[in-house]
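A.B. asks: Quick one, data_13.txt (compact mmCIF, C-alpha atoms and all ligand atoms):
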```txt
# COMPACT_ATOMS: atom_id res chain seq x y z
CA MET J 1 -56.10 65.99 -50.24
CA THR J 2 -57.81 67.01 -53.46
CA PRO J 3 -56.94 69.58 -56.13
CA HIS J 4 -59.22 72.05 -54.31
CA ASN J 5 -58.61 71.13 -50.71
CA HIS J 6 -55.35 70.31 -48.94
CA ALA J 7 -57.02 69.17 -45.69
CA LYS J 8 -56.25 65.64 -44.57
CA GLU J 9 -58.90 63.00 -43.94
CA GLY J 10 -60.25 63.59 -40.45
CA ASP J 11 -59.65 67.35 -40.60
CA TYR J 12 -63.37 68.12 -41.04
CA ALA J 13 -66.16 67.43 -38.58
CA GLU J 14 -69.22 65.52 -39.81
CA ALA J 15 -71.25 68.73 -39.59
CA VAL J 16 -70.16 71.53 -41.94
CA LEU J 17 -71.51 75.04 -42.43
CA LEU J 18 -71.21 76.37 -45.97
CA PRO J 19 -71.11 80.14 -46.48
CA GLY J 20 -70.31 81.30 -50.01
CA ASP J 21 -67.73 83.88 -48.97
CA PRO J 22 -64.29 82.72 -47.71
CA LEU J 23 -64.03 85.73 -45.39
CA ARG J 24 -67.40 84.84 -43.91
CA ALA J 25 -66.03 81.34 -43.24
CA LYS J 26 -63.10 82.96 -41.42
CA TRP J 27 -65.45 85.24 -39.48
CA ILE J 28 -67.67 82.30 -38.48
CA ALA J 29 -64.68 80.26 -37.30
CA GLU J 30 -63.05 83.13 -35.41
CA THR J 31 -66.28 84.51 -33.92
CA PHE J 32 -68.16 81.37 -32.95
CA PHE J 33 -65.83 78.36 -32.80
CA GLU J 34 -63.87 77.31 -29.77
CA ASN J 35 -60.29 76.48 -30.90
CA PRO J 36 -60.70 77.15 -34.63
CA LYS J 37 -58.08 75.51 -36.84
CA LEU J 38 -57.55 76.41 -40.50
CA VAL J 39 -57.80 73.18 -42.52
CA ASN J 40 -57.98 74.49 -46.09
CA SER J 41 -56.76 77.59 -47.90
CA VAL J 42 -56.43 76.38 -51.50
CA ARG J 43 -57.59 79.28 -53.75
CA ASN J 44 -58.27 81.17 -50.50
CA CYS J 45 -61.49 79.15 -50.25
CA LEU J 46 -61.06 78.86 -46.51
CA GLY J 47 -62.13 75.93 -44.34
CA TYR J 48 -61.90 75.64 -40.55
CA THR J 49 -62.71 73.09 -37.88
CA GLY J 50 -63.40 73.78 -34.21
CA THR J 51 -66.15 73.18 -31.69
CA TRP J 52 -69.45 74.91 -30.91
CA LYS J 53 -70.82 74.34 -27.40
CA GLY J 54 -68.19 71.63 -27.10
CA LYS J 55 -69.24 69.70 -30.20
CA PRO J 56 -67.10 69.35 -33.35
CA VAL J 57 -68.11 71.47 -36.33
CA SER J 58 -66.48 72.79 -39.50
CA VAL J 59 -67.06 75.66 -41.88
CA GLN J 60 -66.00 75.58 -45.54
CA ALA J 61 -66.54 78.39 -48.05
CA SER J 62 -68.41 77.12 -51.10
CA GLY J 63 -67.64 80.00 -53.47
CA MET J 64 -70.45 81.48 -55.54
CA GLY J 65 -72.81 79.43 -57.68
CA GLN J 66 -73.69 75.79 -58.10
CA PRO J 67 -70.56 74.64 -60.00
CA SER J 68 -68.28 75.95 -57.25
CA LEU J 69 -70.41 74.65 -54.38
CA SER J 70 -70.66 71.25 -56.08
CA ILE J 71 -66.90 70.77 -56.06
CA TYR J 72 -66.51 71.50 -52.33
CA VAL J 73 -69.60 69.56 -51.30
CA HIS J 74 -68.74 66.51 -53.43
CA GLU J 75 -65.32 66.34 -51.78
CA LEU J 76 -66.59 67.09 -48.27
CA ILE J 77 -68.96 64.14 -48.53
CA ASN J 78 -66.84 61.66 -50.45
CA VAL J 79 -63.31 62.43 -49.23
CA TYR J 80 -63.88 63.97 -45.81
CA GLY J 81 -66.96 62.10 -44.57
CA ALA J 82 -69.33 65.07 -44.07
CA LYS J 83 -72.82 63.93 -43.08
CA THR J 84 -74.64 67.22 -42.34
CA LEU J 85 -74.21 70.21 -44.63
CA ILE J 86 -75.85 73.53 -43.87
CA ARG J 87 -75.51 76.40 -46.30
CA VAL J 88 -75.65 79.81 -44.60
CA GLY J 89 -76.06 82.67 -47.04
CA THR J 90 -77.98 85.65 -48.25
CA CYS J 91 -80.76 85.76 -50.80
CA GLY J 92 -82.91 88.16 -52.74
CA GLY J 93 -86.63 88.42 -51.94
CA LEU J 94 -89.29 87.38 -54.48
CA ASN J 95 -92.34 87.84 -52.24
CA ALA J 96 -93.40 91.11 -50.58
CA LYS J 97 -94.31 89.20 -47.39
CA VAL J 98 -90.65 88.36 -46.87
CA LYS J 99 -88.99 91.41 -45.32
CA VAL J 100 -85.32 92.35 -45.39
CA ARG J 101 -83.57 90.56 -42.44
CA ASP J 102 -86.13 87.73 -42.40
CA VAL J 103 -84.67 84.24 -42.50
CA ILE J 104 -85.70 81.84 -45.25
CA LEU J 105 -85.43 78.10 -44.59
CA ALA J 106 -85.24 76.61 -48.07
CA GLN J 107 -87.65 73.71 -47.79
CA ALA J 108 -87.10 73.07 -51.50
CA ALA J 109 -84.98 74.64 -54.22
CA SER J 110 -86.19 75.22 -57.76
CA THR J 111 -83.51 75.90 -60.33
CA ASP J 112 -82.60 76.90 -63.87
CA SER J 113 -79.31 75.06 -63.51
CA ALA J 114 -78.19 72.47 -66.04
CA ILE J 115 -76.30 70.76 -63.21
CA VAL J 116 -79.59 69.54 -61.76
CA LYS J 117 -81.76 69.43 -64.88
CA GLY J 118 -79.13 67.65 -66.94
CA ARG J 119 -79.06 64.65 -64.66
CA PHE J 120 -82.70 63.61 -64.75
CA GLY J 121 -83.60 63.34 -68.42
CA ALA J 122 -87.37 63.51 -68.85
CA PHE J 123 -87.96 64.15 -65.14
CA ASN J 124 -88.07 67.30 -63.08
CA PHE J 125 -86.30 66.33 -59.86
CA ALA J 126 -87.43 68.27 -56.76
CA PRO J 127 -84.39 69.12 -54.63
CA ILE J 128 -85.53 69.24 -50.98
CA ALA J 129 -84.06 69.92 -47.57
CA ASP J 130 -83.61 67.15 -45.02
CA PHE J 131 -86.84 67.16 -43.02
CA GLY J 132 -85.14 66.63 -39.64
CA LEU J 133 -82.81 69.61 -40.18
CA LEU J 134 -85.69 71.72 -41.44
CA ARG J 135 -87.87 70.88 -38.45
CA SER J 136 -85.00 71.49 -36.03
CA ALA J 137 -84.22 74.87 -37.64
CA ALA J 138 -87.88 75.92 -37.55
CA ASP J 139 -88.26 74.91 -33.87
CA LYS J 140 -85.04 76.64 -32.87
CA ALA J 141 -85.86 79.80 -34.85
CA ASP J 142 -89.23 79.93 -33.04
CA ALA J 143 -87.53 79.48 -29.67
CA LYS J 144 -85.08 82.31 -30.48
CA GLY J 145 -87.87 84.59 -31.72
CA LEU J 146 -86.33 84.76 -35.20
CA LYS J 147 -88.77 85.60 -37.97
CA PHE J 148 -88.51 82.97 -40.67
CA HIS J 149 -90.32 81.66 -43.74
CA ALA J 150 -90.04 78.03 -44.84
CA GLY J 151 -90.62 77.65 -48.54
CA ASN J 152 -89.41 77.21 -52.07
CA MET J 153 -86.13 78.96 -52.97
CA LEU J 154 -84.85 79.60 -56.48
CA SER J 155 -81.22 78.62 -57.02
CA SER J 156 -80.39 80.52 -60.17
CA ASP J 157 -77.23 80.44 -62.25
CA ILE J 158 -77.82 84.12 -63.07
CA PHE J 159 -77.30 86.94 -60.57
CA TYR J 160 -77.80 89.84 -63.00
CA HIS J 161 -80.92 88.69 -64.77
CA ALA J 162 -81.36 90.71 -67.99
CA ASP J 163 -85.09 91.11 -67.25
CA GLY J 164 -84.79 91.77 -63.50
CA PHE J 165 -87.74 90.58 -61.41
CA ALA J 166 -89.74 89.85 -64.58
CA GLY J 167 -87.06 87.33 -65.52
CA TYR J 168 -88.25 85.05 -62.71
CA ASP J 169 -91.45 84.66 -64.71
CA LYS J 170 -94.08 82.47 -63.02
CA LEU J 171 -91.99 81.36 -60.07
CA PRO J 172 -93.11 84.03 -57.55
CA ASP J 173 -96.73 83.21 -58.48
CA HIS J 174 -96.05 79.61 -57.55
CA GLY J 175 -94.78 80.28 -54.06
CA VAL J 176 -91.06 80.72 -54.71
CA ILE J 177 -90.04 83.29 -52.09
CA GLY J 178 -86.31 83.90 -52.50
CA VAL J 179 -83.43 83.68 -54.95
CA GLU J 180 -79.85 82.61 -54.32
CA MET J 181 -77.36 80.54 -56.30
CA GLU J 182 -76.47 77.29 -54.49
CA ALA J 183 -79.21 75.38 -52.62
CA ALA J 184 -80.51 73.16 -55.44
CA ALA J 185 -77.08 71.69 -56.19
CA LEU J 186 -76.46 71.15 -52.47
CA TYR J 187 -79.76 69.30 -52.05
CA THR J 188 -79.23 67.20 -55.18
CA LEU J 189 -75.75 66.09 -54.08
CA ALA J 190 -76.99 65.34 -50.56
CA ALA J 191 -79.78 63.19 -52.03
CA ARG J 192 -77.36 61.40 -54.32
CA PHE J 193 -74.94 60.52 -51.53
CA GLY J 194 -77.46 59.97 -48.73
CA VAL J 195 -76.46 62.81 -46.40
CA LYS J 196 -78.44 65.63 -44.80
CA ALA J 197 -78.58 69.20 -46.11
CA LEU J 198 -80.34 72.46 -45.38
CA THR J 199 -80.04 76.02 -46.68
CA ILE J 200 -80.68 78.98 -44.38
CA CYS J 201 -80.57 82.46 -45.90
CA THR J 202 -81.06 85.99 -44.65
CA MET J 203 -83.03 88.04 -47.14
CA THR J 204 -80.83 91.04 -47.91
CA ASP J 205 -82.45 92.68 -50.94
CA CYS J 206 -86.04 92.57 -52.10
CA LEU J 207 -86.37 92.38 -55.88
CA ILE J 208 -89.90 93.80 -55.68
CA THR J 209 -89.50 96.79 -53.32
CA HIS J 210 -85.71 97.18 -53.84
CA GLU J 211 -85.30 97.56 -50.09
CA GLU J 212 -81.78 96.52 -49.01
CA ILE J 213 -80.32 95.56 -45.65
CA SER J 214 -78.17 98.15 -43.85
CA ALA J 215 -74.57 97.28 -42.98
CA ASP J 216 -75.34 97.11 -39.22
CA ALA J 217 -78.45 94.98 -39.66
CA ARG J 218 -76.52 92.65 -41.99
CA GLN J 219 -74.01 91.81 -39.26
CA THR J 220 -76.65 91.23 -36.53
CA SER J 221 -78.81 89.16 -38.87
CA LEU J 222 -75.89 87.03 -39.98
CA LYS J 223 -74.95 86.42 -36.35
CA ASP J 224 -78.49 85.20 -35.51
CA MET J 225 -78.54 82.98 -38.59
CA VAL J 226 -75.11 81.45 -37.94
CA GLU J 227 -75.98 80.68 -34.31
CA LEU J 228 -79.16 79.00 -35.49
CA ALA J 229 -77.27 76.96 -38.11
CA LEU J 230 -74.62 75.92 -35.58
CA ASP J 231 -77.25 74.80 -33.05
CA VAL J 232 -78.95 72.71 -35.74
CA ALA J 233 -75.66 71.33 -37.12
CA VAL J 234 -74.18 70.01 -33.87
CA GLU J 235 -77.43 68.31 -32.82
CA ALA J 236 -77.99 66.54 -36.15
N1 LIG J 301 -79.93 86.95 -56.66
C1 LIG J 301 -80.55 88.10 -56.45
N2 LIG J 301 -80.43 88.80 -55.33
C2 LIG J 301 -79.67 88.29 -54.36
C3 LIG J 301 -79.02 87.08 -54.52
C4 LIG J 301 -79.16 86.38 -55.74
O1 LIG J 301 -78.59 85.31 -55.97
N3 LIG J 301 -78.33 86.86 -53.38
C5 LIG J 301 -78.56 87.91 -52.55
N4 LIG J 301 -79.38 88.77 -53.15
```
Please re-express this file's structure in structure tokens.
Ligand code: HPA

C.D. replies:
Amino acid sequence: MTPHNHAKEGDYAEAVLLPGDPLRAKWIAETFFENPKLVNSVRNCLGYTGTWKGKPVSVQASGMGQPSLSIYVHELINVYGAKTLIRVGTCGGLNAKVKVRDVILAQAASTDSAIVKGRFGAFNFAPIADFGLLRSAADKADAKGLKFHAGNMLSSDIFYHADGFAGYDKLPDHGVIGVEMEAAALYTLAARFGVKALTICTMTDCLITHEEISADARQTSLKDMVELALDVAVEA
């Protein structure tokens, strides 16, 4: 039990999916898990444990942004023994080659967040995905025929940037292909505590073309992405 989570030790599997949205956590558990059990509902930030293809797996909503994700992930690792953490989310597109509905595997995560920057003094730490999870996700996405891009994600603390696309400055010119709000903190915590992490996002809105995903396509794309993440998670 923690102030943010009333689950007991042993209530979570070692592999945990991390959507931002609590209702997406509920949807993942109820749609994909065999025998889903609610393990946390503090602040309605829902967490469930069940099995996928017979193997134990959990899902815990992270909330939005790096401060919120950091609380849940810190506790999942240090109180509940999580060893494999896979964020499943949506992101904005920063490169015209990435089309709406494409999947981005965040190989690395750049950030403007003080949570990461503040820890390393004179150094710029490079938050990276676990290579085994990344390779597994890429192989499985290929096998499923899912279009994906592996590359550098921006985890920003700002959703409504005052300068829009221009606010991302030189990042798109240096190969940063998407923007979301959580991956860099996830990767930094995983590195600190010696566990594995990956972020998989569906690109839902392109900041260059302003194309947005339709409601129908959003649901199908999320389903493909969640199945991919679950396959990777239970094999890790
Ligand atoms: N920023 C911009 N666009 C987005 C994001 C984000 O964090 N997430 C989904 N679309």

A.B. asks: So what do you get for atom N2 of ligand LIG 301 (chain J) versus CA of Ser68 (chain J), distance-wise?

C.D. replies: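 Atom N2 of ligand LIG 301 (chain J) sits 17.8 Å away from CA of Ser68 (chain J).
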
A.B. asks: For Ala61 (chain J), which residue out of J:Phe193, J:Tyr48, J:Phe148, J:Tyr80 is the nearest one, using all atoms listed in the file?

C.D. replies: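 Looking at the shortest contact to Ala61 (chain J), the residue is J:Tyr48.
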
A.B. asks: Please check which protein, DNA or RNA residues sit within 12 Å of ligand LIG 301 (chain J), counting only C-alpha atoms and all ligand atoms, and write them as a ChimeraX atom specification.

C.D. replies: /J:20-21,64-66,88-94,100-101,104,111,153-162,164-165,167-168,177-183,201-208,210-213,218

A.B. asks: Would you export the selected residues with C-alpha atoms as an mmCIF file, in the frame of the given file, please?

C.D. replies:
```cif
data_model
loop_
_atom_site.group_PDB
_atom_site.id
_atom_site.type_symbol
_atom_site.label_atom_id
_atom_site.label_comp_id
_atom_site.auth_asym_id
_atom_site.auth_seq_id
_atom_site.Cartn_x
_atom_site.Cartn_y
_atom_site.Cartn_z
ATOM 1 C CA GLY J 20 -70.310 81.300 -50.010
ATOM 2 C CA ASP J 21 -67.730 83.880 -48.970
ATOM 3 C CA MET J 64 -70.450 81.480 -55.540
ATOM 4 C CA GLY J 65 -72.810 79.430 -57.680
ATOM 5 C CA GLN J 66 -73.690 75.790 -58.100
ATOM 6 C CA VAL J 88 -75.650 79.810 -44.600
ATOM 7 C CA GLY J 89 -76.060 82.670 -47.040
ATOM 8 C CA THR J 90 -77.980 85.650 -48.250
ATOM 9 C CA CYS J 91 -80.760 85.760 -50.800
ATOM 10 C CA GLY J 92 -82.910 88.160 -52.740
ATOM 11 C CA GLY J 93 -86.630 88.420 -51.940
ATOM 12 C CA LEU J 94 -89.290 87.380 -54.480
ATOM 13 C CA VAL J 100 -85.320 92.350 -45.390
ATOM 14 C CA ARG J 101 -83.570 90.560 -42.440
ATOM 15 C CA ILE J 104 -85.700 81.840 -45.250
ATOM 16 C CA THR J 111 -83.510 75.900 -60.330
ATOM 17 C CA MET J 153 -86.130 78.960 -52.970
ATOM 18 C CA LEU J 154 -84.850 79.600 -56.480
ATOM 19 C CA SER J 155 -81.220 78.620 -57.020
ATOM 20 C CA SER J 156 -80.390 80.520 -60.170
ATOM 21 C CA ASP J 157 -77.230 80.440 -62.250
ATOM 22 C CA ILE J 158 -77.820 84.120 -63.070
ATOM 23 C CA PHE J 159 -77.300 86.940 -60.570
ATOM 24 C CA TYR J 160 -77.800 89.840 -63.000
ATOM 25 C CA HIS J 161 -80.920 88.690 -64.770
ATOM 26 C CA ALA J 162 -81.360 90.710 -67.990
ATOM 27 C CA GLY J 164 -84.790 91.770 -63.500
ATOM 28 C CA PHE J 165 -87.740 90.580 -61.410
ATOM 29 C CA GLY J 167 -87.060 87.330 -65.520
ATOM 30 C CA TYR J 168 -88.250 85.050 -62.710
ATOM 31 C CA ILE J 177 -90.040 83.290 -52.090
ATOM 32 C CA GLY J 178 -86.310 83.900 -52.500
ATOM 33 C CA VAL J 179 -83.430 83.680 -54.950
ATOM 34 C CA GLU J 180 -79.850 82.610 -54.320
ATOM 35 C CA MET J 181 -77.360 80.540 -56.300
ATOM 36 C CA GLU J 182 -76.470 77.290 -54.490
ATOM 37 C CA ALA J 183 -79.210 75.380 -52.620
ATOM 38 C CA CYS J 201 -80.570 82.460 -45.900
ATOM 39 C CA THR J 202 -81.060 85.990 -44.650
ATOM 40 C CA MET J 203 -83.030 88.040 -47.140
ATOM 41 C CA THR J 204 -80.830 91.040 -47.910
ATOM 42 C CA ASP J 205 -82.450 92.680 -50.940
ATOM 43 C CA CYS J 206 -86.040 92.570 -52.100
ATOM 44 C CA LEU J 207 -86.370 92.380 -55.880
ATOM 45 C CA ILE J 208 -89.900 93.800 -55.680
ATOM 46 C CA HIS J 210 -85.710 97.180 -53.840
ATOM 47 C CA GLU J 211 -85.300 97.560 -50.090
ATOM 48 C CA GLU J 212 -81.780 96.520 -49.010
ATOM 49 C CA ILE J 213 -80.320 95.560 -45.650
ATOM 50 C CA ARG J 218 -76.520 92.650 -41.990
#
```

A.B. asks: What would the list of residues within 8 Å of (-90.8, 79.7, -42.6) (file frame) look like as a list in words, if all atoms listed in the file are what count?

C.D. replies: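 Here is the list of nearby residues: Val103, Ile104, Leu105, Ala138, Lys147, Phe148, His149, Ala150 and Gly151 of chain J.
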
A.B. asks: Could you produce a table of the residues of region 133-211 of chain J lying within 10 Å of region 224-227 of chain J, with the nearest pair of atoms per residue and their separation in Å rounded to one decimal, using only C-alpha atoms, ordered by chain and increasing residue number, as a Markdown table?

C.D. replies:
```
| residue | atom | partner | partner_atom | distance |
| --- | --- | --- | --- | --- |
| J:Ala137 | CA | J:Met225 | CA | 9.9 |
| J:Ala141 | CA | J:Met225 | CA | 8.8 |
| J:Lys144 | CA | J:Asp224 | CA | 8.8 |
| J:Leu146 | CA | J:Asp224 | CA | 7.9 |
| J:Ile200 | CA | J:Met225 | CA | 7.4 |
| J:Cys201 | CA | J:Met225 | CA | 7.6 |
| J:Thr202 | CA | J:Met225 | CA | 7.2 |
```

A.B. asks: Find the residues near Asn5 (chain J): any atom within 8 Å, counting all atoms listed in the file, skip ones fewer than 6 places away on the same chain, and give them as a ChimeraX atom specification.

C.D. replies: /J:40-42

A.B. asks: Counting all atoms listed in the file, figure out which residue out of J:Leu133, J:Leu230, J:Asn44, J:Thr2 gets nearest to Ala29 (chain J).

C.D. replies: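 Comparing J:Leu133, J:Leu230, J:Asn44, J:Thr2 against Ala29 (chain J), the winner is J:Leu230.
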
A.B. asks: Between J:Leu198, J:Val98, J:Ala129, J:Val234, which residue has the minimum interatomic distance to Ser58 (chain J), considering only C-alpha atoms?

C.D. replies: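 Distance minimum relative to Ser58 (chain J) lands on J:Val234.
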
A.B. asks: One decimal, in Å: what's the spacing between CA of Thr84 (chain J) and CA of Val232 (chain J)?

C.D. replies: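 Distance between the two atoms: 9.6 Å.
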
A.B. asks: Closest to Thr51 (chain J) among J:Asp216, J:Asp163, J:Glu34, J:Asp173, using only C-alpha atoms?

C.D. replies: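 Selected residue with least distance to Thr51 (chain J): J:Glu34.
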
A.B. asks: So what do you get for CA of Leu46 (chain J) versus CA of His6 (chain J), distance-wise?

C.D. replies: 10.6 Å

A.B. asks: So which residues are close to (-63.7, 61.3, -38.0), meaning at most 10 Å away in the file's coordinates with all atoms listed in the file counted, and can you show them as a list of chain:residue names?

C.D. replies: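 Selection result: J:Glu9, J:Gly10, J:Asp11, J:Tyr12, J:Ala13, J:Glu14, J:Pro56, J:Tyr80, J:Gly81, J:Ala82.
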
A.B. asks: Just write the chosen residues, C-alpha atoms, as a PDB file, keeping the file's coordinate frame.

C.D. replies:
```
ATOM      1  CA  GLU J   9     -58.900  63.000 -43.940  1.00  0.00           C
ATOM      2  CA  GLY J  10     -60.250  63.590 -40.450  1.00  0.00           C
ATOM      3  CA  ASP J  11     -59.650  67.350 -40.600  1.00  0.00           C
ATOM      4  CA  TYR J  12     -63.370  68.120 -41.040  1.00  0.00           C
ATOM      5  CA  ALA J  13     -66.160  67.430 -38.580  1.00  0.00           C
ATOM      6  CA  GLU J  14     -69.220  65.520 -39.810  1.00  0.00           C
ATOM      7  CA  PRO J  56     -67.100  69.350 -33.350  1.00  0.00           C
ATOM      8  CA  TYR J  80     -63.880  63.970 -45.810  1.00  0.00           C
ATOM      9  CA  GLY J  81     -66.960  62.100 -44.570  1.00  0.00           C
ATOM     10  CA  ALA J  82     -69.330  65.070 -44.070  1.00  0.00           C
TER      11      ALA J  82
END
```
